[in-house]
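Engineer: As input, take structure30.txt (compact mmCIF, C-alpha atoms and all ligand atoms):
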```
# COMPACT_ATOMS: atom_id res chain seq x y z
CA MET A 1 67.54 98.37 97.50
CA ASN A 2 68.88 97.75 101.02
CA ALA A 3 67.52 100.53 103.26
CA LYS A 4 70.50 100.39 105.64
CA THR A 5 73.37 100.40 103.13
CA GLY A 6 71.59 102.14 100.25
CA LYS A 7 72.98 99.43 97.97
CA GLU A 8 71.13 97.39 95.39
CA PHE A 9 72.75 94.08 96.47
CA HIS A 10 73.80 92.80 99.87
CA PHE A 11 77.62 92.42 99.91
CA SER A 12 79.03 90.98 103.13
CA ASP A 13 82.62 90.77 104.40
CA LYS A 14 82.41 87.04 103.78
CA ASP A 15 81.44 87.60 100.13
CA PHE A 16 84.33 90.02 99.65
CA GLU A 17 86.78 87.55 101.23
CA TYR A 18 85.49 84.77 98.99
CA ILE A 19 85.87 86.90 95.85
CA ARG A 20 89.31 88.10 96.92
CA ALA A 21 90.54 84.53 97.45
CA LYS A 22 88.99 83.35 94.17
CA VAL A 23 90.53 86.02 91.95
CA TYR A 24 93.90 85.54 93.64
CA ALA A 25 93.79 81.78 93.12
CA LEU A 26 92.67 82.08 89.50
CA ALA A 27 94.59 85.10 88.23
CA GLY A 28 97.14 86.08 90.88
CA ILE A 29 95.34 89.42 91.28
CA ALA A 30 95.69 90.64 94.87
CA LEU A 31 92.80 92.91 95.91
CA SER A 32 93.42 95.19 98.86
CA ASP A 33 90.64 96.34 101.21
CA TYR A 34 90.22 99.61 99.39
CA LYS A 35 89.19 97.73 96.21
CA ARG A 36 85.94 96.65 97.85
CA GLU A 37 83.83 99.36 96.19
CA MET A 38 85.38 98.61 92.83
CA VAL A 39 84.56 94.91 93.24
CA TYR A 40 80.99 95.79 94.17
CA SER A 41 80.39 98.04 91.18
CA ARG A 42 82.01 95.77 88.60
CA LEU A 43 80.30 92.60 89.77
CA ALA A 44 76.92 94.25 90.39
CA ARG A 45 76.61 94.30 86.58
CA ARG A 46 77.04 90.51 86.53
CA LEU A 47 74.41 90.06 89.27
CA ARG A 48 71.97 92.17 87.24
CA ALA A 49 72.71 90.25 84.03
CA LEU A 50 72.19 86.93 85.82
CA GLY A 51 69.11 88.08 87.76
CA LEU A 52 70.67 87.27 91.15
CA LYS A 53 69.46 88.78 94.40
CA ASP A 54 72.72 89.14 96.34
CA PHE A 55 76.48 88.50 96.33
CA ALA A 56 76.11 85.32 98.36
CA SER A 57 74.16 83.79 95.44
CA TYR A 58 76.85 84.97 93.05
CA CYS A 59 79.60 83.35 95.16
CA GLN A 60 77.59 80.15 95.22
CA LEU A 61 77.38 80.23 91.43
CA LEU A 62 81.16 80.65 91.15
CA GLU A 63 81.58 77.64 93.37
CA ASN A 64 79.51 75.55 90.96
CA GLU A 65 82.05 74.20 88.50
CA GLN A 66 79.38 73.39 85.92
CA HIS A 67 78.66 77.09 85.48
CA ASP A 68 80.73 79.06 82.99
CA GLU A 69 80.59 82.35 84.89
CA LEU A 70 84.28 82.20 85.84
CA GLY A 71 85.36 83.84 82.57
CA ASN A 72 82.98 86.77 83.08
CA PHE A 73 84.06 87.01 86.71
CA ILE A 74 87.72 87.35 85.74
CA ASN A 75 87.00 89.68 82.83
CA SER A 76 85.06 91.94 85.22
CA LEU A 77 87.91 92.23 87.70
CA THR A 78 90.84 92.90 85.36
CA THR A 79 91.91 96.50 84.80
CA ASN A 80 92.60 97.06 81.13
CA LEU A 81 93.73 100.67 80.87
CA THR A 82 96.16 101.10 77.97
CA ARG A 83 97.04 103.44 75.13
CA PHE A 84 99.22 103.57 72.03
CA PHE A 85 102.89 104.43 72.65
CA ARG A 86 102.31 104.57 76.41
CA GLU A 87 105.71 105.33 78.02
CA LYS A 88 107.13 106.36 74.67
CA HIS A 89 110.72 106.14 75.91
CA HIS A 90 110.47 102.31 75.75
CA PHE A 91 109.67 102.43 72.03
CA ASP A 92 112.43 104.99 71.42
CA TYR A 93 114.93 102.76 73.23
CA LEU A 94 113.85 99.75 71.23
CA LYS A 95 114.08 101.54 67.90
CA GLU A 96 117.21 103.61 68.45
CA ARG A 97 119.35 101.37 70.66
CA PHE A 98 118.24 97.81 71.19
CA LEU A 99 117.10 96.72 67.72
CA PRO A 100 120.00 98.25 65.72
CA GLU A 101 122.42 96.36 68.03
CA LEU A 102 120.46 93.15 67.59
CA TYR A 103 120.36 93.49 63.79
CA LYS A 104 124.17 93.86 63.77
CA ASN A 105 125.02 91.11 66.24
CA ASP A 106 122.56 88.26 65.93
CA GLY A 107 125.02 85.88 64.29
CA GLY A 108 123.02 85.56 61.06
CA ARG A 109 119.90 84.03 62.61
CA ARG A 110 117.69 86.96 61.57
CA ARG A 111 114.97 85.97 63.98
CA LEU A 112 113.10 88.41 66.20
CA ARG A 113 110.57 87.21 68.78
CA ILE A 114 108.77 89.64 71.08
CA TRP A 115 106.08 88.94 73.67
CA SER A 116 103.56 91.46 74.92
CA ALA A 117 102.31 89.83 78.15
CA GLY A 118 99.09 91.46 79.39
CA CYS A 119 98.40 93.15 76.05
CA SER A 120 94.87 94.35 76.90
CA THR A 121 93.00 95.79 73.87
CA GLY A 122 96.10 95.73 71.67
CA ALA A 123 97.56 99.24 71.84
CA GLU A 124 100.83 97.85 73.21
CA PRO A 125 101.45 95.05 70.66
CA TYR A 126 100.39 97.29 67.74
CA SER A 127 102.78 100.00 68.99
CA ILE A 128 105.58 97.42 69.18
CA ALA A 129 104.80 96.03 65.72
CA MET A 130 104.72 99.50 64.13
CA THR A 131 108.05 100.34 65.80
CA VAL A 132 109.69 97.13 64.58
CA LEU A 133 108.20 97.01 61.07
CA SER A 134 109.20 100.60 60.32
CA GLY A 135 112.88 99.57 60.50
CA LEU A 136 113.03 95.79 60.08
CA PRO A 137 115.90 94.79 57.75
CA ARG A 138 115.01 92.68 54.72
CA GLY A 139 114.97 88.92 55.33
CA TRP A 140 114.24 89.09 59.06
CA ASP A 141 111.63 86.75 60.53
CA PHE A 142 109.61 88.78 63.06
CA LYS A 143 106.78 87.43 65.21
CA LEU A 144 105.01 89.05 68.11
CA LEU A 145 103.05 87.05 70.66
CA ALA A 146 100.35 89.12 72.40
CA THR A 147 98.58 87.50 75.34
CA ASP A 148 96.04 88.40 77.96
CA LEU A 149 93.85 86.57 80.41
CA ASP A 150 90.77 88.63 79.57
CA THR A 151 88.90 87.25 76.55
CA ASN A 152 86.91 90.47 75.95
CA VAL A 153 89.97 92.68 75.53
CA LEU A 154 91.66 90.06 73.35
CA GLU A 155 88.72 90.08 70.95
CA GLN A 156 88.96 93.87 70.67
CA ALA A 157 92.71 93.57 70.15
CA ARG A 158 92.20 91.11 67.29
CA GLN A 159 89.74 93.48 65.59
CA GLY A 160 92.24 96.35 65.82
CA GLU A 161 89.58 99.02 65.38
CA LEU A 162 90.40 102.61 66.23
CA ASN A 163 88.41 105.67 67.14
CA GLU A 164 89.66 109.20 66.58
CA SER A 165 91.34 109.64 69.96
CA MET A 166 93.29 106.37 69.53
CA LEU A 167 94.31 107.52 66.07
CA ASN A 168 95.71 110.70 67.59
CA GLU A 169 98.02 108.65 69.83
CA ILE A 170 99.79 107.15 66.79
CA PRO A 171 102.55 109.18 65.07
CA LYS A 172 101.44 110.38 61.61
CA PRO A 173 104.02 108.40 59.56
CA TYR A 174 102.88 105.17 61.27
CA CYS A 175 99.23 106.03 60.53
CA GLN A 176 100.11 106.34 56.86
CA SER A 177 101.79 102.90 56.80
CA PHE A 178 99.70 100.87 59.23
CA VAL A 179 96.17 102.32 59.56
CA GLU A 180 93.32 102.14 57.07
CA ARG A 181 89.89 103.72 56.95
CA GLN A 182 86.90 101.40 57.34
CA SER A 183 83.84 101.89 55.24
CA ASN A 184 80.30 101.28 56.48
CA VAL A 185 81.05 101.39 60.20
CA ALA A 186 80.10 103.78 62.96
CA ALA A 187 82.27 106.89 63.12
CA SER A 188 83.42 105.81 66.60
CA ASN A 189 85.47 103.03 64.97
CA ALA A 190 86.18 104.57 61.62
CA TRP A 191 89.74 103.23 61.30
CA ARG A 192 91.56 99.94 61.83
CA MET A 193 95.06 98.53 61.91
CA ASN A 194 95.92 97.16 58.46
CA ALA A 195 97.00 93.66 57.43
CA THR A 196 100.70 94.60 57.32
CA VAL A 197 100.82 95.37 61.02
CA LYS A 198 98.43 92.60 62.01
CA SER A 199 100.24 89.80 60.20
CA PRO A 200 103.22 89.27 62.55
CA ILE A 201 100.99 89.41 65.69
CA PHE A 202 99.53 86.27 67.27
CA PHE A 203 96.86 87.03 69.87
CA LYS A 204 96.33 84.24 72.40
CA GLN A 205 94.59 83.87 75.71
CA LEU A 206 97.10 83.07 78.42
CA ASN A 207 96.88 83.23 82.18
CA LEU A 208 100.33 84.19 83.43
CA MET A 209 99.71 82.07 86.53
CA ASN A 210 99.40 78.86 84.49
CA THR A 211 101.97 76.84 82.55
CA TRP A 212 103.08 78.49 79.33
CA PRO A 213 103.05 76.55 76.05
CA MET A 214 105.79 78.60 74.38
CA LYS A 215 109.46 77.73 74.63
CA GLY A 216 111.07 81.01 73.60
CA PRO A 217 113.62 82.38 73.47
CA PHE A 218 112.29 85.92 73.18
CA GLN A 219 114.57 88.87 72.53
CA VAL A 220 112.10 91.23 74.21
CA ILE A 221 109.30 90.74 76.73
CA PHE A 222 106.95 93.61 77.53
CA CYS A 223 105.07 93.11 80.79
CA ARG A 224 103.97 96.61 81.63
CA ASN A 225 101.38 97.64 84.19
CA VAL A 226 100.44 94.01 84.87
CA VAL A 227 102.51 92.90 87.89
CA ILE A 228 101.29 95.92 89.81
CA TYR A 229 98.16 93.83 90.49
CA PHE A 230 100.18 90.89 91.88
CA ASP A 231 101.82 90.47 95.28
CA LYS A 232 105.63 90.39 95.66
CA PRO A 233 106.10 86.58 95.75
CA THR A 234 103.97 86.22 92.59
CA GLN A 235 105.99 88.99 90.91
CA GLN A 236 109.28 87.29 91.75
CA ARG A 237 108.12 83.93 90.38
CA LEU A 238 106.97 85.63 87.20
CA PHE A 239 110.26 87.54 86.72
CA GLU A 240 112.15 84.27 87.16
CA ARG A 241 110.05 82.67 84.43
CA TYR A 242 110.58 85.65 82.11
CA TYR A 243 114.32 85.41 82.77
CA ASN A 244 114.29 81.77 81.68
CA LEU A 245 112.43 82.57 78.45
CA LEU A 246 114.64 85.49 77.44
CA ALA A 247 117.55 85.05 75.04
CA PRO A 248 120.96 86.08 76.43
CA GLY A 249 121.02 89.88 76.30
CA GLY A 250 117.21 89.91 76.00
CA LEU A 251 115.17 92.81 77.29
CA LEU A 252 112.44 92.79 79.94
CA ILE A 253 110.30 95.93 79.99
CA LEU A 254 108.09 96.77 82.98
CA GLY A 255 105.64 99.59 83.67
CA HIS A 256 106.65 102.93 85.19
CA SER A 257 105.69 102.02 88.76
CA GLU A 258 107.01 98.43 88.70
CA SER A 259 110.41 97.11 89.74
CA LEU A 260 112.34 93.83 89.66
CA GLY A 261 112.96 93.54 93.41
CA ALA A 262 115.39 90.74 94.24
CA MET A 263 115.56 89.65 90.57
CA ALA A 264 117.33 92.95 89.75
CA LYS A 265 120.68 91.23 90.34
CA ARG A 266 120.16 89.05 87.27
CA PHE A 267 119.48 91.97 84.94
CA SER A 268 121.18 95.25 84.17
CA ALA A 269 119.07 98.42 83.99
CA VAL A 270 119.51 99.93 80.53
CA GLU A 271 116.66 102.44 80.42
CA ARG A 272 113.85 103.56 82.73
CA THR A 273 112.16 100.24 83.78
CA ALA A 274 113.88 98.33 80.94
CA TYR A 275 116.26 95.55 82.00
CA GLN A 276 118.68 93.43 80.02
CA LYS A 277 119.35 89.82 80.94
CA VAL A 278 122.99 89.43 81.95
C1 LIG A 301 96.52 97.72 82.84
S1 LIG A 301 96.53 96.52 81.56
C2 LIG A 301 98.13 96.84 80.83
C3 LIG A 301 98.09 96.84 79.32
C4 LIG A 301 99.41 97.15 78.64
N1 LIG A 301 100.43 96.19 79.00
C5 LIG A 301 99.85 98.56 78.93
O1 LIG A 301 100.77 98.76 79.74
O2 LIG A 301 99.29 99.51 78.37
C6 LIG A 301 96.83 94.99 82.49
C7 LIG A 301 96.41 93.73 81.72
O3 LIG A 301 96.91 92.59 82.41
C8 LIG A 301 95.97 91.54 82.28
N2 LIG A 301 96.16 90.53 83.33
C9 LIG A 301 95.90 90.64 84.65
N3 LIG A 301 96.15 89.48 85.28
C10 LIG A 301 96.60 88.61 84.34
C11 LIG A 301 97.01 87.24 84.36
N4 LIG A 301 97.03 86.53 85.49
N5 LIG A 301 97.41 86.68 83.20
C12 LIG A 301 97.39 87.39 82.05
N6 LIG A 301 97.00 88.68 81.96
C13 LIG A 301 96.60 89.28 83.09
C14 LIG A 301 94.63 92.26 82.36
O4 LIG A 301 93.58 91.51 81.78
C15 LIG A 301 94.90 93.58 81.63
O5 LIG A 301 94.47 93.55 80.30
```
Would you encode the structure as structure tokens?
Structural biologist:
Amino acid sequence: MNAKTGKEFHFSDKDFEYIRAKVYALAGIALSDYKREMVYSRLARRLRALGLKDFASYCQLLENEQHDELGNFINSLTTNLTRFFREKHHFDYLKERFLPELYKNDGGRRRLRIWSAGCSTGAEPYSIAMTVLSGLPRGWDFKLLATDLDTNVLEQARQGELNESMLNEIPKPYCQSFVERQSNVAASNAWRMNATVKSPIFFKQLNLMNTWPMKGPFQVIFCRNVVIYFDKPTQQRLFERYYNLLAPGGLLILGHSESLGAMAKRFSAVERTAYQKV
């Protein structure tokens, strides 16, 4: 323990600047000065796990390309808060307005592709899949791509396990169709998403800052509460790339505190933070 700072590990301005530049370069995440304490507490766990004596040693380790700490580093600095049917109005809009229109006017292709970008532990893609599957017309080919940078949350998403408070976020009729009870597991994860809702979802690790393997087009892209961690130029580049991957008339859905900025002129606002490609 450092007598002067009262902290377990020495954490200098230089260390913070190094970490800030590294996470920006790797993940596009822009950390402001007031995130310094957060960075300290999240990475202190890594220093303990690795038996390191200070942040300078940790930064040195990150610099060593042979070491596979980068994944843990990124996983530690992402913020993964999510919940089922978060911003419910987006799911209502999809079910009551957007999808019925699409089912009527798709020119016989019967193909629905949705992307949940920054899906965290899966509450968002499972909410989308339940919404779609509960009204999907016969013969439609529906696939949902769910991606995140963070490998820990993706693993949880794949498992699709639920505790009681998660279960309470899901409307009862959906629970009946898409949730099953697990036997022989701890009560904290007594339920899980069933095979019906899991089958159209493809979970993949993807860093939004890198090149994307998929070609699209997607009819809907959810990117909610993700760009809030990026700076404006990074947001604009990302919106441009989403625009290019959306089908004509496709929908881009952002989080409640996010906006399109200059890219707004290429979309029309159809619902709170939901934008249609024009
Ligand atoms: C706050 S969660 C949002 C989850 C969900 N979309 C929602 O609104 O409930 C933000 C997610 O974005 C992911 N993320 C952050 N930077 C990313 C990047 N560069 N590429 C891909 N995912 C990223 C994080 O790992 C985290 O799981």
Engineer: Counting only C-alpha atoms and all ligand atoms, what are the residues, protein, DNA or RNA alike, that approach ligand LIG 301 (chain A) to within 9 Å? I want them as a PyMOL selection string.
Structural biologist: chain A and resi 24+26-29+74-75+77-87+116-125+147-154+205-210+222-230+254-255
Engineer: Which one of A:Tyr34, A:Phe203, A:Tyr58, A:Tyr174 sits closest to Gly135 of chain A if you count only C-alpha atoms?
Structural biologist: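 Looking only at the distances to Gly135 of chain A, the closest residue turns out to be A:Tyr174.
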Engineer: Counting only C-alpha atoms, which residue out of A:Ser188, A:Glu96, A:Asp141, A:Leu162 sits closest to Arg109 of chain A?
Structural biologist: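 That would be A:Asp141, the residue with the smallest distance to Arg109 of chain A.
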Engineer: What's the 12 Å shell around Arg181 of chain A, counting only C-alpha atoms, without same-chain residues fewer than 3 positions away, as number ranges by chain?
Structural biologist: A: 160-164, 167, 175-178, 184-194
Engineer: Here is a test: counting all atoms listed in the file, which residue of A:Leu246, A:Ala146, A:Val220, A:Ala264 is nearest to Leu94 of chain A?
Structural biologist: A:Val220
Engineer: Could you give me segment 246-275 of chain A completed to N, CA and C atoms, formatted as a short mmCIF file (atom, residue, chain, number, x, y, z; two decimals), keeping the file's coordinate frame?
Structural biologist:
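Result file follows (result15.cif):
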```
data_model
loop_
_atom_site.label_atom_id
_atom_site.label_comp_id
_atom_site.auth_asym_id
_atom_site.auth_seq_id
_atom_site.Cartn_x
_atom_site.Cartn_y
_atom_site.Cartn_z
N LEU A 246 113.93 84.46 78.23
CA LEU A 246 114.64 85.49 77.44
C LEU A 246 115.93 84.93 76.85
N ALA A 247 116.25 85.37 75.63
CA ALA A 247 117.55 85.05 75.04
C ALA A 247 118.63 85.78 75.83
N PRO A 248 119.89 85.32 75.78
CA PRO A 248 120.96 86.08 76.43
C PRO A 248 120.96 87.51 75.86
N GLY A 249 121.06 88.48 76.75
CA GLY A 249 121.02 89.88 76.30
C GLY A 249 119.61 90.38 76.01
N GLY A 250 118.60 89.52 76.26
CA GLY A 250 117.21 89.91 76.00
C GLY A 250 116.73 90.98 76.97
N LEU A 251 115.64 91.62 76.57
CA LEU A 251 115.17 92.81 77.29
C LEU A 251 113.82 92.52 77.96
N LEU A 252 113.72 92.88 79.24
CA LEU A 252 112.44 92.79 79.94
C LEU A 252 111.99 94.22 80.26
N ILE A 253 110.79 94.56 79.81
CA ILE A 253 110.30 95.93 79.99
C ILE A 253 109.08 95.93 80.90
N LEU A 254 109.19 96.68 82.01
CA LEU A 254 108.09 96.77 82.98
C LEU A 254 107.42 98.14 82.89
N GLY A 255 106.34 98.30 83.65
CA GLY A 255 105.64 99.59 83.67
C GLY A 255 106.34 100.58 84.59
N HIS A 256 105.93 101.86 84.50
CA HIS A 256 106.65 102.93 85.19
C HIS A 256 106.68 102.80 86.71
N SER A 257 105.69 102.10 87.30
CA SER A 257 105.69 102.02 88.76
C SER A 257 106.09 100.62 89.23
N GLU A 258 106.67 99.82 88.34
CA GLU A 258 107.01 98.43 88.70
C GLU A 258 108.53 98.26 88.79
N SER A 259 108.97 97.33 89.64
CA SER A 259 110.41 97.11 89.74
C SER A 259 110.70 95.63 89.93
N LEU A 260 111.97 95.25 89.67
CA LEU A 260 112.34 93.83 89.66
C LEU A 260 112.55 93.24 91.05
N GLY A 261 112.69 94.05 92.06
CA GLY A 261 112.96 93.54 93.41
C GLY A 261 114.23 92.72 93.42
N ALA A 262 114.18 91.56 94.07
CA ALA A 262 115.39 90.74 94.24
C ALA A 262 115.94 90.23 92.90
N MET A 263 115.09 90.14 91.88
CA MET A 263 115.56 89.65 90.57
C MET A 263 116.44 90.68 89.85
N ALA A 264 116.54 91.89 90.41
CA ALA A 264 117.33 92.95 89.75
C ALA A 264 118.79 92.51 89.56
N LYS A 265 119.27 91.62 90.43
CA LYS A 265 120.68 91.23 90.34
C LYS A 265 120.97 90.38 89.09
N ARG A 266 119.94 89.87 88.47
CA ARG A 266 120.16 89.05 87.27
C ARG A 266 119.97 89.83 85.96
N PHE A 267 119.68 91.11 86.11
CA PHE A 267 119.48 91.97 84.94
C PHE A 267 120.32 93.24 85.11
N SER A 268 120.59 93.92 83.99
CA SER A 268 121.18 95.25 84.17
C SER A 268 120.19 96.29 83.62
N ALA A 269 120.03 97.38 84.38
CA ALA A 269 119.07 98.42 83.99
C ALA A 269 119.66 99.21 82.83
N VAL A 270 118.95 99.26 81.70
CA VAL A 270 119.51 99.93 80.53
C VAL A 270 118.72 101.18 80.14
N GLU A 271 117.55 101.33 80.76
CA GLU A 271 116.66 102.44 80.42
C GLU A 271 115.62 102.45 81.53
N ARG A 272 114.85 103.53 81.67
CA ARG A 272 113.85 103.56 82.73
C ARG A 272 112.95 102.32 82.64
N THR A 273 112.93 101.51 83.68
CA THR A 273 112.16 100.24 83.78
C THR A 273 112.33 99.30 82.57
N ALA A 274 113.54 99.32 81.98
CA ALA A 274 113.88 98.33 80.94
C ALA A 274 115.17 97.65 81.38
N TYR A 275 115.16 96.32 81.39
CA TYR A 275 116.26 95.55 82.00
C TYR A 275 116.75 94.50 81.02
#
```
